[in-house]
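Participant: First the structure, then my questions, so here it is.
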Amino acid sequence: MVTKIKMEHSNFLLRFAHEHLNFRIPEILSIAGIFGFNINIGEEYDIKSPYLVVELPSELCARQLMSRAVTVRSAYELWAEDVSYHGLFEKLRCLPRSLTDRFTNANASYRVLVDSFNKQICLHDRIARVETLLTDVLPFNGRMDLSATCDNTFCFMEYYGPQGTVPSDNPSMVFFGRWLVDGQREMVSKYQLQRRNFIGNTSMDPMLSMIISNMASVKDSDLVFDPFVGTGSLLVACAHHGAYIVGTDIDYNLLLGIGKSSRAGQKWRKKDETIFNNLQQYGLGCRYIDILVADASQSHIWRPQMLFDAIVADPPYGIREPTQKLGSRKETSSSSSSCDGHIPAKTAYSMTEIIFDLLHFAAKYLTVNGHLVYWIPVHREDYKPSNIPQHECFELIANSEQILNSRISRRLITMKKVKQLDGEENGDLLHLEDDHYAEVSFRDRYFRPQFKSKRSASSDL
Ligand SMILES: C[S@@+](CC[C@H](N)C(=O)[O-])C[C@H]1O[C@@H](n2cnc3c(N)ncnc32)[C@H](O)[C@@H]1O
C-alpha cells in the first residue's frame with residue numbers, strides 16, 4: 001500500500017461530543033463567521049463520527065473556535081491520520097523535525113492519551129500503543145508527566161464506526177494530534193436548569209441555548225431580543241456571550257413569579273423567580289435591559305427605529321403551553337391577569353401566523369447582517385424544505401433538525417438579514433411554498449392520531 005505523506009500543520013482535528021449531531025457543522029461555521037475566518041471541511045465528512053478534520057488558517061483560529069463551541073469537546077493540531085496504525089506510524093515517522101522538535105525536546109514534558117469511539121480500549125492495549133510510539137516512531141526526549149499540567153498532551157484517537165454498530169477488531173480511522181484547547185462544554189453544567197433560580201415547563205436546555213446564541217452570532221454589546229422569552233434561557237446564553245437583552249412574553253403570571261411552580265417539590269412560584277434573577281445568579285445582571293409583558297403579534301408597540309442585532313425565538317407549539325395572541329373571537333380563552341385586574345381576551349395564534357409575524361418583525365427591527373434564529377416544530381413524515389418560509393430580506397443560513405420522537409422534530413432555522421426593508425409593508429416579500437400546518441394544526445396532529453399525515457393517509461387508501 002502506498003502511504004500518502006502530507007504536511008498536516010494547517011489541519012486540525014475537532015473531537016465532538018456525541019450530542020446534537022445536526023448542529024455541529026452549523027455551530028462551527030457560525031463561530032468562524034463571528035471571528036471572520038474560513039473553515040475548510042473535507043467533503044467526506046461523516047456526520048456520525050465525532051472526529052472531524054478541518055483546515056484552519058492558524059492555531060489562533062482553533063482557539064477562537066473553542067472559546068465558544070459547545071458541540072466540540074477539544075481541538076487538536078493534527079499530526080497524522082490514516083485508516084490503520086501501520087499507516088499512521090509511517091506518517092508520524094516522516095514528519096519533519098522542524099515541526100516536532102519543539103514538542104519532543106528534552107525540556108518539554110509530555111503525556112500521550114488514547115481516545116476511542118464505539119469501542120473501549122483496555123489499559124493494556126492503550127499502553128502498547130504508547131510504547132510503540134515512543135520506542136519505534138517518535139523520539140520523545142522530555143519527561144513523561146501524566147498530569148494535566150504537563151507541557152504537551154498528545155492523543156491517539158480511534159474510530160470504530162457509528163455508535164450502535166458492532167465494532168470491528170481494528171479501527172476504521174486513527175488520528176494522532178497535539179491537544180490545543182477544550183471547547184465550552186463546562187458551560188453546559190454551569191448553566192444547568194436544575195440549579196437555575198427560575199425555570200418553567202418549556203425552559204430551553206443550556207446546550208441548545210448556547211448553540212442558538214452561536215447561530216445568532218451574538219457578540220459583546222449586541223442588543224438581542226426574544227419575543228417568546230418564557231423563563232429567558234435563550235437570553236441567558238446570549239448574555240453569557242456579552243449581549244444586552246430584551247424579551248417579551250404574553251404570560252403575565254410567568255414573568256411576575258405568580259402561580260404554580262414547574263419545579264419538582266415546590267407548589268407555588270416565588271417572587272424572586274424572574275429572568276433578572278436568573279441573570280444575577282450568573283453575574284450577568286448588568287446585561288438586563290427589560291422584559292415586558294407583551295404579545296409578539298403586536299409589533300406596532302415598538303418604535304420604528306428600534307434595531308436589534310439578533311432575534312432569537314422559541315415560539316409556543318401549543319403542546320405544553322397555548323398558542324395565543326390578544327384578540328376576541330368566540331373561542332377566546334384567557335387565564336392570565338394583569339395588574340389592574342383587567343383580563344385581556346385571547347384568541348388562537350396559529351404556527352404559520354407566528355412565523356410570519358416573526359419574519360415581518362425581523363424584517364423591520366433587525367439590523368442588516370443581523371441573525372434571526374427560531375425553532376419550528378414539524379411532523380417528520382410530512383416535512384419538506386419548502387415548508388420553511390422565505391423572505392426577500394433574508395438568506396437562509398442553516399436548518400438543523402432536533403429529533404424529539406419518531407414522529408416529530410423541531411428545526412432550528414437561522415436566517416441572516418441581507419437587506420433593509422424598503423417602506424413599511426413587507427407582506428409581498430414573504431413567500432411560503434408549502435404550509436406545513438395548512439390542513440391540521442401542529443397541536444391537533446400531535447394529540448389526535450386520527451389526523452394522519454398526508455403521506456400515510458394516502459398510503460392507507
Ligand atoms: C416555548 S416557550 C419559550 C420558552 C423559553 N425559551 C424558555 O427557555 O423558558 C413559549 C413562550 O411563548 C409565550 N407566548 C405564547 N404566545 C405568545 C404571544 N402571542 N406573545 C408573546 N409570548 C407568547 C408563552 O407564554 C411561553 O412562555
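Ligands are numbered from 1 in the order shown, chains are lettered A, B, ... in the order of the C-alpha cells, and residues start at 1 in each chain.
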Excluding stretch 30-38 of chain A and its own-chain neighbours fewer than 3 positions away, which residues fall within 7 Å of it when counting only C-alpha atoms? Please give them as a list of chain:residue names.

Facilitator: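 Contacts, with the query itself left out: A:Pro26, A:Glu27, A:Leu56, A:Leu65, A:Asn214, A:Met215, A:Ser217.
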
Participant: From a DSSP pass on the backbone, collect the residues of stretch 199-395 of chain A flagged as strand (DSSP E or B) and hand them back as a ChimeraX atom specification.

Facilitator: /A:223-226,244-249,260,268,288-293,308-313,324-326,346-348,366-379,390-391,394-395

Participant: Write the residues you've just listed into a file as a PDB file, in the first residue's frame, and include C-alpha atoms for each of them.

Facilitator:
```pdb
ATOM      1  CA  LEU A 223     -28.754  44.067  21.674  1.00  0.00           C
ATOM      2  CA  VAL A 224     -30.695  40.789  21.484  1.00  0.00           C
ATOM      3  CA  PHE A 225     -34.458  40.269  21.559  1.00  0.00           C
ATOM      4  CA  ASP A 226     -36.546  37.183  22.366  1.00  0.00           C
ATOM      5  CA  TYR A 244     -27.747  43.186  26.390  1.00  0.00           C
ATOM      6  CA  ILE A 245     -31.119  41.524  26.449  1.00  0.00           C
ATOM      7  CA  VAL A 246     -34.765  42.415  25.868  1.00  0.00           C
ATOM      8  CA  GLY A 247     -37.691  40.000  25.919  1.00  0.00           C
ATOM      9  CA  THR A 248     -41.465  39.805  25.821  1.00  0.00           C
ATOM     10  CA  ASP A 249     -43.963  37.160  26.840  1.00  0.00           C
ATOM     11  CA  LYS A 260     -47.839  27.096  40.122  1.00  0.00           C
ATOM     12  CA  TRP A 268     -46.026  27.921  44.053  1.00  0.00           C
ATOM     13  CA  TYR A 288     -30.554  43.077  31.547  1.00  0.00           C
ATOM     14  CA  ILE A 289     -32.369  45.834  29.652  1.00  0.00           C
ATOM     15  CA  ASP A 290     -36.020  44.837  30.115  1.00  0.00           C
ATOM     16  CA  ILE A 291     -38.572  42.068  29.965  1.00  0.00           C
ATOM     17  CA  LEU A 292     -42.105  43.187  29.037  1.00  0.00           C
ATOM     18  CA  VAL A 293     -45.484  41.517  29.246  1.00  0.00           C
ATOM     19  CA  PHE A 308     -31.802  44.593  17.348  1.00  0.00           C
ATOM     20  CA  ASP A 309     -28.507  42.899  16.471  1.00  0.00           C
ATOM     21  CA  ALA A 310     -30.091  39.469  16.805  1.00  0.00           C
ATOM     22  CA  ILE A 311     -33.532  37.969  17.392  1.00  0.00           C
ATOM     23  CA  VAL A 312     -33.859  34.518  18.947  1.00  0.00           C
ATOM     24  CA  ALA A 313     -37.182  32.753  19.401  1.00  0.00           C
ATOM     25  CA  GLN A 324     -52.394  32.637  21.843  1.00  0.00           C
ATOM     26  CA  LYS A 325     -52.448  36.268  20.917  1.00  0.00           C
ATOM     27  CA  LEU A 326     -54.590  39.166  22.014  1.00  0.00           C
ATOM     28  CA  LYS A 346     -57.022  36.000  23.806  1.00  0.00           C
ATOM     29  CA  THR A 347     -57.552  34.079  20.640  1.00  0.00           C
ATOM     30  CA  ALA A 348     -55.762  31.261  18.825  1.00  0.00           C
ATOM     31  CA  LEU A 366     -33.251  43.570  12.901  1.00  0.00           C
ATOM     32  CA  THR A 367     -30.039  45.238  11.743  1.00  0.00           C
ATOM     33  CA  VAL A 368     -28.731  44.340   8.286  1.00  0.00           C
ATOM     34  CA  ASN A 369     -26.339  41.337   8.719  1.00  0.00           C
ATOM     35  CA  GLY A 370     -28.174  40.509  11.957  1.00  0.00           C
ATOM     36  CA  HIS A 371     -29.410  36.954  12.526  1.00  0.00           C
ATOM     37  CA  LEU A 372     -32.893  35.636  13.217  1.00  0.00           C
ATOM     38  CA  VAL A 373     -32.825  32.196  14.840  1.00  0.00           C
ATOM     39  CA  TYR A 374     -36.039  30.344  15.647  1.00  0.00           C
ATOM     40  CA  TRP A 375     -37.487  26.890  16.180  1.00  0.00           C
ATOM     41  CA  ILE A 376     -40.341  25.401  14.231  1.00  0.00           C
ATOM     42  CA  PRO A 377     -41.940  22.067  15.183  1.00  0.00           C
ATOM     43  CA  VAL A 378     -42.682  19.620  12.358  1.00  0.00           C
ATOM     44  CA  HIS A 379     -44.117  16.196  11.688  1.00  0.00           C
ATOM     45  CA  GLN A 390     -38.565  32.717   2.611  1.00  0.00           C
ATOM     46  CA  HIS A 391     -38.324  36.460   2.831  1.00  0.00           C
ATOM     47  CA  PHE A 394     -33.276  37.220   4.484  1.00  0.00           C
ATOM     48  CA  GLU A 395     -30.901  34.489   3.438  1.00  0.00           C
TER      49      GLU A 395
END
```

Participant: Dump the neighbourhood of ligand 1 as a list in words: all residues within 6 Å, distances computed on only C-alpha atoms and all ligand atoms.

Facilitator: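 Listing the residues within 6 Å of ligand 1 gives Gly200, Thr202, Ser203, Met204, Pro227, Phe228, Val229, Gly230, Thr231, Gly232, Ser233, Leu234, Thr248, Asp249, Ile250, Asp251, Ala294, Asp295, Ala296, Ser297, Asp314, Pro315, Pro316, Thr323, Gln324 and Lys325 of chain A.
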
Participant: My list of candidates is A:Ile121, A:Leu138, A:Leu92, A:Val181. Which is closest to A:Ser74 when distances are computed with only C-alpha atoms?

Facilitator: A:Val181

Participant: Assign secondary structure with DSSP using the backbone only, and return the residues of stretch 61-289 of chain A in alpha helix (DSSP H) as a VMD selection string.

Facilitator: chain A and resid 61 to 66 85 to 93 97 to 104 123 to 132 185 to 190 206 to 215 233 to 240 252 to 256 275 to 281

Participant: Would you mind listing what lies within 9 Å of stretch 239-242 of chain A as an NGL selection string, with only C-alpha atoms counted and same-chain residues fewer than 5 positions away left out?

Facilitator: :A and (68 or 210 or 213-214 or 218-222 or 224 or 234 or 279 or 282 or 284-285 or 287-288)

Participant: From the set A:Leu193, A:Ile41, A:Val83, A:Leu307, which residue has the shortest atom-to-atom contact distance to A:Val54, counting only C-alpha atoms?

Facilitator: A:Ile41

Participant: Would you work out the distance separating atom CA of A:Pro304 from atom CA of A:Ala363, expressed in Å to one decimal?

Facilitator: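 These two atoms are separated by 11.6 Å.
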
Participant: Residues at most 7 Å from A:Pro50, counting only C-alpha atoms, excluding those fewer than 4 positions away in the same chain, as a PyMOL selection string?

Facilitator: chain A and resi 15-18

Participant: Write out as a CSV table (one decimal) with N, CA and C atoms, in the first residue's frame each polymer residue whose atoms come within 9 Å of A:Ser350, counting only C-alpha atoms; drop sequence neighbours fewer than 2 positions from it.

Facilitator:
```
chain,number,residue,atom,x,y,z
A,317,TYR,N,-45.5,25.8,20.8
A,317,TYR,CA,-46.0,24.9,19.8
A,317,TYR,C,-47.4,24.4,20.1
A,318,GLY,N,-48.0,24.9,21.2
A,318,GLY,CA,-49.3,24.5,21.6
A,318,GLY,C,-49.4,23.1,22.3
A,323,THR,N,-51.0,28.4,22.2
A,323,THR,CA,-50.5,29.4,21.3
A,323,THR,C,-51.6,30.5,21.2
A,324,GLN,N,-51.4,31.6,21.7
A,324,GLN,CA,-52.4,32.6,21.8
A,324,GLN,C,-51.9,34.0,21.5
A,348,ALA,N,-56.8,32.2,19.3
A,348,ALA,CA,-55.8,31.3,18.8
A,348,ALA,C,-54.8,32.0,17.9
A,352,THR,N,-48.3,29.1,11.7
A,352,THR,CA,-48.0,29.9,10.5
A,352,THR,C,-48.0,31.4,10.7
A,353,GLU,N,-49.0,31.8,11.4
A,353,GLU,CA,-49.1,33.3,11.8
A,353,GLU,C,-47.9,33.7,12.6
A,354,ILE,N,-47.6,32.8,13.6
A,354,ILE,CA,-46.4,33.1,14.5
A,354,ILE,C,-45.2,33.4,13.7
A,355,ILE,N,-44.9,32.4,12.8
A,355,ILE,CA,-43.7,32.5,12.0
A,355,ILE,C,-43.7,33.7,11.0
A,437,TYR,N,-48.6,23.5,8.2
A,437,TYR,CA,-49.8,23.5,9.1
A,437,TYR,C,-51.1,23.8,8.5
A,441,SER,N,-53.5,21.7,12.5
A,441,SER,CA,-52.5,22.4,13.4
A,441,SER,C,-51.5,21.4,13.9
A,442,PHE,N,-50.4,21.9,14.4
A,442,PHE,CA,-49.4,21.0,14.9
A,442,PHE,C,-49.9,20.3,16.2
```

Participant: Could you name the residues that touch A:Gln281 at 10 Å or less, counting only C-alpha atoms, but leaving out those on the same chain fewer than 4 positions away, as JSON, numbers by chain?

Facilitator: {"A": [191, 195, 196, 197, 198, 275, 276, 277, 285]}

Participant: Rounded to one decimal place, report the atom CA of A:Lys384-atom CA of A:His436 distance in Å.

Facilitator: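 One can read the atom CA of A:Lys384 to atom CA of A:His436 distance as 8.2 Å.
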
Participant: Write out as number ranges by chain each polymer residue whose atoms come within 12 Å of A:Thr71, counting only C-alpha atoms; drop sequence neighbours fewer than 5 positions from it.

Facilitator: A: 14-29, 31, 50-52, 65-66, 182-188, 206-212, 214

Participant: Restricting it to C-alpha atoms, dump the selection as a CSV table (one decimal), in the first residue's frame.

Facilitator:
```csv
chain,number,residue,atom,x,y,z
A,14,LEU,CA,-12.1,18.5,16.3
A,15,ARG,CA,-13.4,16.0,18.7
A,16,PHE,CA,-17.1,16.5,19.1
A,17,ALA,CA,-19.3,15.4,22.0
A,18,HIS,CA,-21.8,12.8,20.9
A,19,GLU,CA,-24.9,15.0,21.2
A,20,HIS,CA,-26.9,17.2,18.8
A,21,LEU,CA,-25.1,15.8,15.8
A,22,ASN,CA,-27.0,18.0,13.3
A,23,PHE,CA,-25.9,21.2,15.0
A,24,ARG,CA,-22.1,20.5,14.9
A,25,ILE,CA,-21.2,21.9,11.5
A,26,PRO,CA,-23.7,24.9,11.6
A,27,GLU,CA,-22.3,25.9,15.0
A,28,ILE,CA,-18.6,25.8,14.0
A,29,LEU,CA,-19.3,27.6,10.7
A,31,ILE,CA,-18.5,30.8,15.1
A,50,PRO,CA,-17.1,12.6,16.5
A,51,TYR,CA,-13.8,13.2,14.7
A,52,LEU,CA,-13.7,16.0,12.1
A,65,LEU,CA,-13.5,28.5,17.7
A,66,MET,CA,-13.1,26.7,21.0
A,182,ASP,CA,-11.1,22.3,25.1
A,183,GLY,CA,-14.5,23.8,24.0
A,184,GLN,CA,-17.1,25.2,26.3
A,185,ARG,CA,-18.7,22.0,27.5
A,186,GLU,CA,-18.3,23.1,31.1
A,187,MET,CA,-20.8,25.9,30.3
A,188,VAL,CA,-23.5,23.3,29.9
A,206,PRO,CA,-28.3,25.2,28.2
A,207,MET,CA,-26.5,23.4,25.4
A,208,LEU,CA,-29.2,24.3,22.8
A,209,SER,CA,-29.4,27.8,24.2
A,210,MET,CA,-25.6,28.2,23.7
A,211,ILE,CA,-25.9,26.8,20.2
A,212,ILE,CA,-28.7,29.3,19.4
A,214,ASN,CA,-23.8,31.0,18.5
```

Participant: Rank A:Arg143, A:Gln298, A:Ala128, A:Tyr85 by their smallest atom-to-atom distance to A:Ala106, using only C-alpha atoms, and report the top residue only.

Facilitator: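 Answer, going by the shortest atom-to-atom distance: A:Arg143.
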
Participant: I need the residue nearest A:Val166 from this list: A:Cys61, A:Arg445, A:Gly423, A:Asn118. Use only C-alpha atoms for the distance.

Facilitator: A:Asn118
